[in-house]
Amino acid sequence: MDDIAPAPDAPVEAGETGEPRVPYRLFALKDKDTFVVADAFGDILGASDGLFHNDTRILSTFRVFIGSRPPSLLSAAIAQDNVFFTSHGANQALPYPGGPMGPPGVLHVERKRFLWEERLYERICCVNYSRDVVLIPLSVEFGADFRDMFEVRGLHRRQRGYLHAPEVNGRSVRFCYEGLDQVERASVISFSDPPGRISSHRADYMYSLQPEGRLELYLEVGATSGVTPSRERFRYAAARARWDMRARRRHGARLKTSGRLFNEWVEKSRADLALLTTRMETGPYPYAGIPWFSTAFGRDAIITAWQILWFDPSLARGVLTYLAAHQAEEVSAFRDSAPGKIMHETRKGEMPAMGEVPFARYYGGVDTTPLFVALAGAYAERTRDLALIDDLWPALMGAIHWIDAYGDSDGDGLIDYKRGRESGLANQGWKDSEDSVFHADGRFPNGPIALVEVQGYAFAAYRAMAKLAHHRGDQDNAARWAARAEQIREAVERRFWMEDLGYYGIAIDGEGELCRVLGSNPGHLLFSGLPSAERAKKVAQRLLSSSFDSGWGLRTLAVGEPRFNPMSYHNGSVWPHDTAVCALGLARYGERDGVLSLTSGLFETANTFEMRLPELFCGFPRMAGEPPVAYPVACLPQAWAAGSVFMMLQACLGVNVDGWNREVRVSDPHLPNGVDWLTVDGLRIGDETVDLGFERAGRRVDVQGRGRTGIPVKVV
């Protein structure tokens, strides 16, 4: 993520019906580079919501009124497959023809919308359940401000482009903005019925509805004009959108358990990943999250691909190929780039295009490059796809060259960072907010800063390159890279370990001073396999203590540490992906009971968020009878939050797919609490598949492998 952290929205006034419109009840849909965020009414009010295309808000106001008021809210939901948003409402008092005001609650108002081919489709349906004729004054307010995403997030611009006067044409209104980058951006709102009155910001209708009568008004919003919305267009596009989503969800093995709610968590998570995954020329790529990060991020995509690698390696292939194609080629302080470095973030809006922010293609992530190399190694081990590794080899060599030549800026043997310009990210690990790295007395360190988890990623990267070189017959480089990995291991054990605390510090600053702070960062060291077994056990004990474990998941910072704040972005909140990475690290060192406990916590958290884990939530301790506390502007959905359940399951089951030897190994399998059996059907290794079955038998879990073509399943 980038450290232009979204501030919580100013409180939005309740409607005249009294229903609160709080930020964490926003609902999102996405298609390619277009997404929409609206409240439970389906309304867009112009705060952090809107219809966005290529990081520009092309619809900033969108409200429906019955009379002078919005409908009373009954319910709102996103469909399980993430295709449709539906809001149900009822009328407030309405006029009778030539008579007094009619009673509220006789008119059902449904708003149903979806996105297809980067176009918004909506149907407003009203049904009269009274015994009298109802006169329905229906109005739609709309507007487009063409704000760049960074403006929506709070950045002020000294100058903007030219906003043309809206063009009103019978049953449509066209908005147009010419940016400072000379790009014309347009949006057109069109109606199926010609309004009785239409202006540049409002369309008014008057319908007379008989008892049990029904009316349908269709709307579309997109870049093109000359389109007349209709029932037929709506149904055709809806069918295509649903079919496309089903196709995207069919990748990889199928997971099913005995737990109905656990299955809902798994299925919703797969649907969220399908929603966020965008087809690139290089293959599928998961955008990070909606609304703030609906674009390609390097680190987020790598972690997301790793989370599902064990049962679906196709996403890792797409991520690796895309990132290799966008590898840095030059030194730029503004973009924090150097040859061989892997991209952190890319944006398509006007402000990045004009250089007002560096994020058109930005490389300010110190961990993305070693993670890229490590994922390539994990992908090869999972698939034995040396053909892709051969294609990626120049990019992998470039990435390792960056680690060698640029990653260690002060020559102390550690991978570090320091931003090139003030416009870049102050902190360049995954905890990239400005206050996430500090000393035990609260001081912020001077750079360059070497994060402990990044050393683990570099260790994994060198080991991956050593194994890949071995399989490519390059034994000299294999030995050299293996030795470099051991040098990093020795340096971390010597310089980051705090014997008095039995834990690793989070970072070493530019003066060589250790930040003696207890953060979740060392859990990522376990994930990379760097610590000794003895020290890993101490780290595990600390992570599973109440100072880190909130009961819902692991806090990013231990209770009692300086700057601890359970409501902060990185200093005491709970990030599901962080918990999942730590859990797989714990499992690597044999800590299964703690993994089961953490899995239960995340599952119960998902249950309170309608089976969809948010980007993060507050790190308050779990209290009996109370749900976890939401972080008000967390992305929902978020790719690596959605992928967390699959990494947690791998940690529980102890599954490792060995593509080199074409076998599946299962180590000390456990089932999540409340799950009596679990099946993994269609686990593919090359052209062959195997089905796995896990079943609880007293205190043990029995494993059955049903190989369709003879893939061995070894329980170790």
# chains A, B, ... in the order shown; residues from 1 in each chain; ligands from 1
>>> select_by_dssp(residues="range 73-152 of chain A", states="strand (DSSP E or B)", output="VMD selection string")
chain A and resid 73 to 78 85 to 90 94 to 95 101 to 102 107 to 116 119 to 128 134 to 143 148
>>> write_last_selection(atoms="N, CA and C atoms", output="CSV table (one decimal), in the first residue's frame")
chain,number,residue,atom,x,y,z
A,73,LEU,N,-34.8,2.3,4.4
A,73,LEU,CA,-34.0,1.1,4.1
A,73,LEU,C,-34.5,-0.1,4.8
A,74,LEU,N,-34.7,-1.2,4.0
A,74,LEU,CA,-35.0,-2.5,4.6
A,74,LEU,C,-33.8,-3.4,4.7
A,75,SER,N,-33.0,-3.5,3.6
A,75,SER,CA,-31.8,-4.3,3.7
A,75,SER,C,-31.0,-4.0,2.4
A,76,ALA,N,-29.7,-4.4,2.5
A,76,ALA,CA,-28.8,-4.3,1.4
A,76,ALA,C,-27.8,-5.4,1.4
A,77,ALA,N,-27.3,-5.9,0.3
A,77,ALA,CA,-26.4,-7.0,0.3
A,77,ALA,C,-25.7,-7.1,-1.1
A,78,ILE,N,-24.5,-7.6,-1.1
A,78,ILE,CA,-23.8,-8.1,-2.3
A,78,ILE,C,-24.1,-9.6,-2.4
A,85,PHE,N,-25.3,-6.0,-6.6
A,85,PHE,CA,-25.7,-5.3,-5.4
A,85,PHE,C,-27.2,-5.1,-5.4
A,86,THR,N,-27.9,-5.4,-4.3
A,86,THR,CA,-29.3,-5.1,-4.2
A,86,THR,C,-29.7,-4.4,-2.9
A,87,SER,N,-30.4,-3.4,-3.1
A,87,SER,CA,-31.0,-2.6,-1.9
A,87,SER,C,-32.5,-2.7,-1.9
A,88,HIS,N,-33.1,-3.0,-0.8
A,88,HIS,CA,-34.5,-3.1,-0.6
A,88,HIS,C,-35.0,-1.9,0.2
A,89,GLY,N,-36.0,-1.2,-0.2
A,89,GLY,CA,-36.5,-0.1,0.6
A,89,GLY,C,-38.0,0.0,0.5
A,90,ALA,N,-38.6,0.8,1.3
A,90,ALA,CA,-40.0,1.1,1.3
A,90,ALA,C,-40.3,2.6,1.3
A,94,LEU,N,-46.7,9.2,0.8
A,94,LEU,CA,-46.8,9.6,-0.6
A,94,LEU,C,-48.2,10.3,-0.9
A,95,PRO,N,-48.3,11.1,-1.8
A,95,PRO,CA,-49.6,11.7,-2.1
A,95,PRO,C,-50.5,10.8,-2.9
A,101,MET,N,-52.0,12.6,2.0
A,101,MET,CA,-50.8,11.7,1.9
A,101,MET,C,-51.1,10.3,2.3
A,102,GLY,N,-50.7,9.4,1.5
A,102,GLY,CA,-50.9,8.0,1.7
A,102,GLY,C,-49.9,7.4,2.7
A,107,LEU,N,-45.1,0.7,-0.7
A,107,LEU,CA,-44.4,0.6,-2.0
A,107,LEU,C,-43.0,0.0,-1.7
A,108,HIS,N,-42.8,-1.2,-2.4
A,108,HIS,CA,-41.5,-1.8,-2.3
A,108,HIS,C,-40.6,-1.2,-3.4
A,109,VAL,N,-39.4,-0.7,-3.0
A,109,VAL,CA,-38.4,-0.1,-3.9
A,109,VAL,C,-37.2,-0.9,-3.9
A,110,GLU,N,-36.8,-1.5,-5.0
A,110,GLU,CA,-35.6,-2.3,-5.1
A,110,GLU,C,-34.7,-1.7,-6.1
A,111,ARG,N,-33.4,-1.6,-5.7
A,111,ARG,CA,-32.4,-1.1,-6.6
A,111,ARG,C,-31.4,-2.3,-6.8
A,112,LYS,N,-31.2,-2.7,-8.0
A,112,LYS,CA,-30.3,-3.8,-8.4
A,112,LYS,C,-29.3,-3.3,-9.4
A,113,ARG,N,-28.0,-3.5,-9.1
A,113,ARG,CA,-27.0,-3.0,-10.0
A,113,ARG,C,-25.8,-4.0,-10.2
A,114,PHE,N,-25.1,-3.9,-11.3
A,114,PHE,CA,-23.9,-4.7,-11.5
A,114,PHE,C,-23.0,-3.9,-12.5
A,115,LEU,N,-21.8,-4.4,-12.7
A,115,LEU,CA,-20.9,-3.8,-13.7
A,115,LEU,C,-20.6,-4.9,-14.7
A,116,TRP,N,-20.5,-4.4,-16.0
A,116,TRP,CA,-20.1,-5.3,-17.0
A,116,TRP,C,-19.5,-4.5,-18.1
A,119,ARG,N,-19.1,-0.8,-17.4
A,119,ARG,CA,-20.3,0.0,-17.5
A,119,ARG,C,-21.2,-0.4,-16.4
A,120,LEU,N,-21.8,0.6,-15.7
A,120,LEU,CA,-22.8,0.4,-14.6
A,120,LEU,C,-24.2,0.2,-15.2
A,121,TYR,N,-24.8,-0.9,-14.8
A,121,TYR,CA,-26.2,-1.2,-15.1
A,121,TYR,C,-27.0,-1.1,-13.8
A,122,GLU,N,-28.2,-0.5,-13.9
A,122,GLU,CA,-29.0,-0.4,-12.7
A,122,GLU,C,-30.5,-0.5,-13.1
A,123,ARG,N,-31.2,-1.2,-12.2
A,123,ARG,CA,-32.7,-1.3,-12.4
A,123,ARG,C,-33.3,-0.8,-11.1
A,124,ILE,N,-34.2,0.1,-11.2
A,124,ILE,CA,-35.1,0.6,-10.1
A,124,ILE,C,-36.5,0.0,-10.3
A,125,CYS,N,-36.9,-0.8,-9.4
A,125,CYS,CA,-38.2,-1.5,-9.5
A,125,CYS,C,-39.1,-1.1,-8.3
A,126,CYS,N,-40.3,-0.7,-8.6
A,126,CYS,CA,-41.3,-0.3,-7.6
A,126,CYS,C,-42.5,-1.2,-7.8
A,127,VAL,N,-43.0,-1.8,-6.7
A,127,VAL,CA,-44.2,-2.6,-6.7
A,127,VAL,C,-45.2,-2.0,-5.6
A,128,ASN,N,-46.4,-1.8,-6.1
A,128,ASN,CA,-47.5,-1.2,-5.2
A,128,ASN,C,-48.2,-2.4,-4.5
A,134,VAL,N,-51.3,4.5,-6.4
A,134,VAL,CA,-50.2,5.3,-5.8
A,134,VAL,C,-49.6,6.2,-6.8
A,135,LEU,N,-49.5,7.4,-6.5
A,135,LEU,CA,-48.8,8.4,-7.3
A,135,LEU,C,-47.3,8.4,-6.9
A,136,ILE,N,-46.4,8.1,-7.8
A,136,ILE,CA,-45.0,8.0,-7.4
A,136,ILE,C,-44.2,9.1,-8.1
A,137,PRO,N,-43.8,10.1,-7.3
A,137,PRO,CA,-42.8,11.1,-7.8
A,137,PRO,C,-41.4,10.6,-7.6
A,138,LEU,N,-40.8,10.1,-8.6
A,138,LEU,CA,-39.4,9.5,-8.5
A,138,LEU,C,-38.4,10.4,-9.1
A,139,SER,N,-37.3,10.6,-8.4
A,139,SER,CA,-36.3,11.5,-8.9
A,139,SER,C,-34.9,10.8,-8.7
A,140,VAL,N,-34.0,11.1,-9.7
A,140,VAL,CA,-32.7,10.6,-9.6
A,140,VAL,C,-31.7,11.9,-9.7
A,141,GLU,N,-30.9,12.0,-8.7
A,141,GLU,CA,-29.9,13.1,-8.7
A,141,GLU,C,-28.5,12.4,-9.1
A,142,PHE,N,-27.7,13.2,-9.9
A,142,PHE,CA,-26.5,12.6,-10.4
A,142,PHE,C,-25.5,13.8,-10.6
A,143,GLY,N,-24.2,13.4,-10.7
A,143,GLY,CA,-23.2,14.4,-11.0
A,143,GLY,C,-21.8,13.7,-11.1
A,148,ASP,N,-9.4,12.8,-9.3
A,148,ASP,CA,-8.4,11.8,-9.2
A,148,ASP,C,-8.5,11.0,-7.9
>>> select_by_dssp(residues="range 544-665 of chain A", states="alpha helix (DSSP H)", output="PyMOL selection string")
chain A and resi 576-588+592-608+639-642+644-653
>>> closest_residue(among="A:His344, A:Arg160, A:Arg555, A:Arg592", to="Val574 in chain A", atoms="only C-alpha atoms")
A:Arg555
>>> residues_around(residues="range 315-325 of chain A", least_positions_apart="3", cutoff="10 Å", atoms="only C-alpha atoms", output="number ranges by chain")
A: 251-252, 277, 279-286, 296-298, 301-309, 312, 328, 340-344, 368-369, 372-373, 375-376, 378-380, 385, 388-389, 391-396, 398-399
>>> closest_atom_pairs(of="range 376-485 of chain A", to="range 513-521 of chain A", cutoff="7 Å", atoms="only C-alpha atoms", output="tab-separated table")
residue	atom	partner	partner_atom	distance
A:Phe438	CA	A:Cys515	CA	6.3
A:His439	CA	A:Cys515	CA	4.5
A:Ala440	CA	A:Arg516	CA	5.4
A:Val452	CA	A:Asn521	CA	6.8
A:Glu453	CA	A:Asn521	CA	5.6
>>> residues_around(residues="Gly502 in chain A", least_positions_apart="4", cutoff="12 Å", atoms="only C-alpha atoms", output="MDAnalysis selection string")
chainID A and resid 493 496:498 516:518 522 534:543
>>> residues_around(residues="Gly601 in chain A", least_positions_apart="4", cutoff="10 Å", atoms="only C-alpha atoms", output="list in words")
Asp549, Ser550, Gly551, Trp552, Gly553, Leu554, Val595, Leu596, Ser597, Thr605, Ala606, Asn607, Arg622 and Pro628 of chain A
>>> write_last_selection(atoms="C-alpha atoms", output="CSV table (one decimal), in the first residue's frame")
chain,number,residue,atom,x,y,z
A,549,ASP,CA,-3.1,-12.5,20.0
A,550,SER,CA,-6.3,-10.4,20.4
A,551,GLY,CA,-8.5,-13.4,20.2
A,552,TRP,CA,-9.5,-12.5,16.7
A,553,GLY,CA,-6.0,-12.5,15.1
A,554,LEU,CA,-2.5,-11.3,15.7
A,595,VAL,CA,-2.4,-22.2,14.2
A,596,LEU,CA,-5.8,-23.8,15.0
A,597,SER,CA,-6.5,-21.1,17.5
A,605,THR,CA,-14.1,-12.6,12.6
A,606,ALA,CA,-15.2,-13.3,9.1
A,607,ASN,CA,-18.6,-14.5,10.5
A,622,ARG,CA,-11.8,-10.1,22.4
A,628,PRO,CA,-14.3,-7.4,16.7
>>> atom_distance(atom1="CA of Phe646 in chain A", atom2="CA of Leu255 in chain A")
9.5 Å
>>> residues_around(residues="Leu180 in chain A", least_positions_apart="6", cutoff="10 Å", atoms="only C-alpha atoms", output="ChimeraX atom specification")
/A:159-162,350-351,353-354
>>> residues_around(residues="Leu45 in chain A", least_positions_apart="5", cutoff="10 Å", atoms="only C-alpha atoms", output="PyMOL selection string")
chain A and resi 12+38-39+50+59-63+142-143
>>> write_last_selection(atoms="N, CA and C atoms", output="compact mmCIF listing (two decimals), in the first residue's frame")
# COMPACT_ATOMS: atom_id res chain seq x y z
N VAL A 12 -21.32 11.07 8.00
CA VAL A 12 -22.34 11.42 7.03
C VAL A 12 -23.67 11.53 7.76
N ALA A 38 -20.86 2.39 -3.01
CA ALA A 38 -22.05 3.14 -2.62
C ALA A 38 -22.51 2.68 -1.26
N ASP A 39 -23.46 3.43 -0.68
CA ASP A 39 -23.95 3.06 0.64
C ASP A 39 -25.07 2.02 0.52
N GLY A 50 -18.28 6.45 -5.00
CA GLY A 50 -18.36 6.90 -6.38
C GLY A 50 -18.22 5.76 -7.36
N LEU A 59 -18.52 9.29 -11.56
CA LEU A 59 -19.85 9.54 -11.03
C LEU A 59 -19.69 9.82 -9.54
N SER A 60 -19.95 11.05 -9.13
CA SER A 60 -19.71 11.45 -7.75
C SER A 60 -20.99 11.67 -6.96
N THR A 61 -22.12 11.75 -7.63
CA THR A 61 -23.43 11.86 -6.99
C THR A 61 -24.40 10.94 -7.71
N PHE A 62 -25.15 10.17 -6.94
CA PHE A 62 -26.14 9.26 -7.53
C PHE A 62 -27.12 8.89 -6.43
N ARG A 63 -28.27 9.55 -6.41
CA ARG A 63 -29.24 9.35 -5.34
C ARG A 63 -30.65 9.21 -5.93
N PHE A 142 -27.73 13.19 -9.89
CA PHE A 142 -26.47 12.64 -10.39
C PHE A 142 -25.48 13.77 -10.63
N GLY A 143 -24.23 13.42 -10.70
CA GLY A 143 -23.18 14.39 -10.98
C GLY A 143 -21.85 13.69 -11.14
>>> closest_residue(among="A:Leu692, A:Ala333, A:Leu414, A:Leu425", to="Gly364 in chain A", atoms="only C-alpha atoms")
A:Leu425
>>> atom_distance(atom1="CA of Thr689 in chain A", atom2="CA of Trp310 in chain A")
12.9 Å
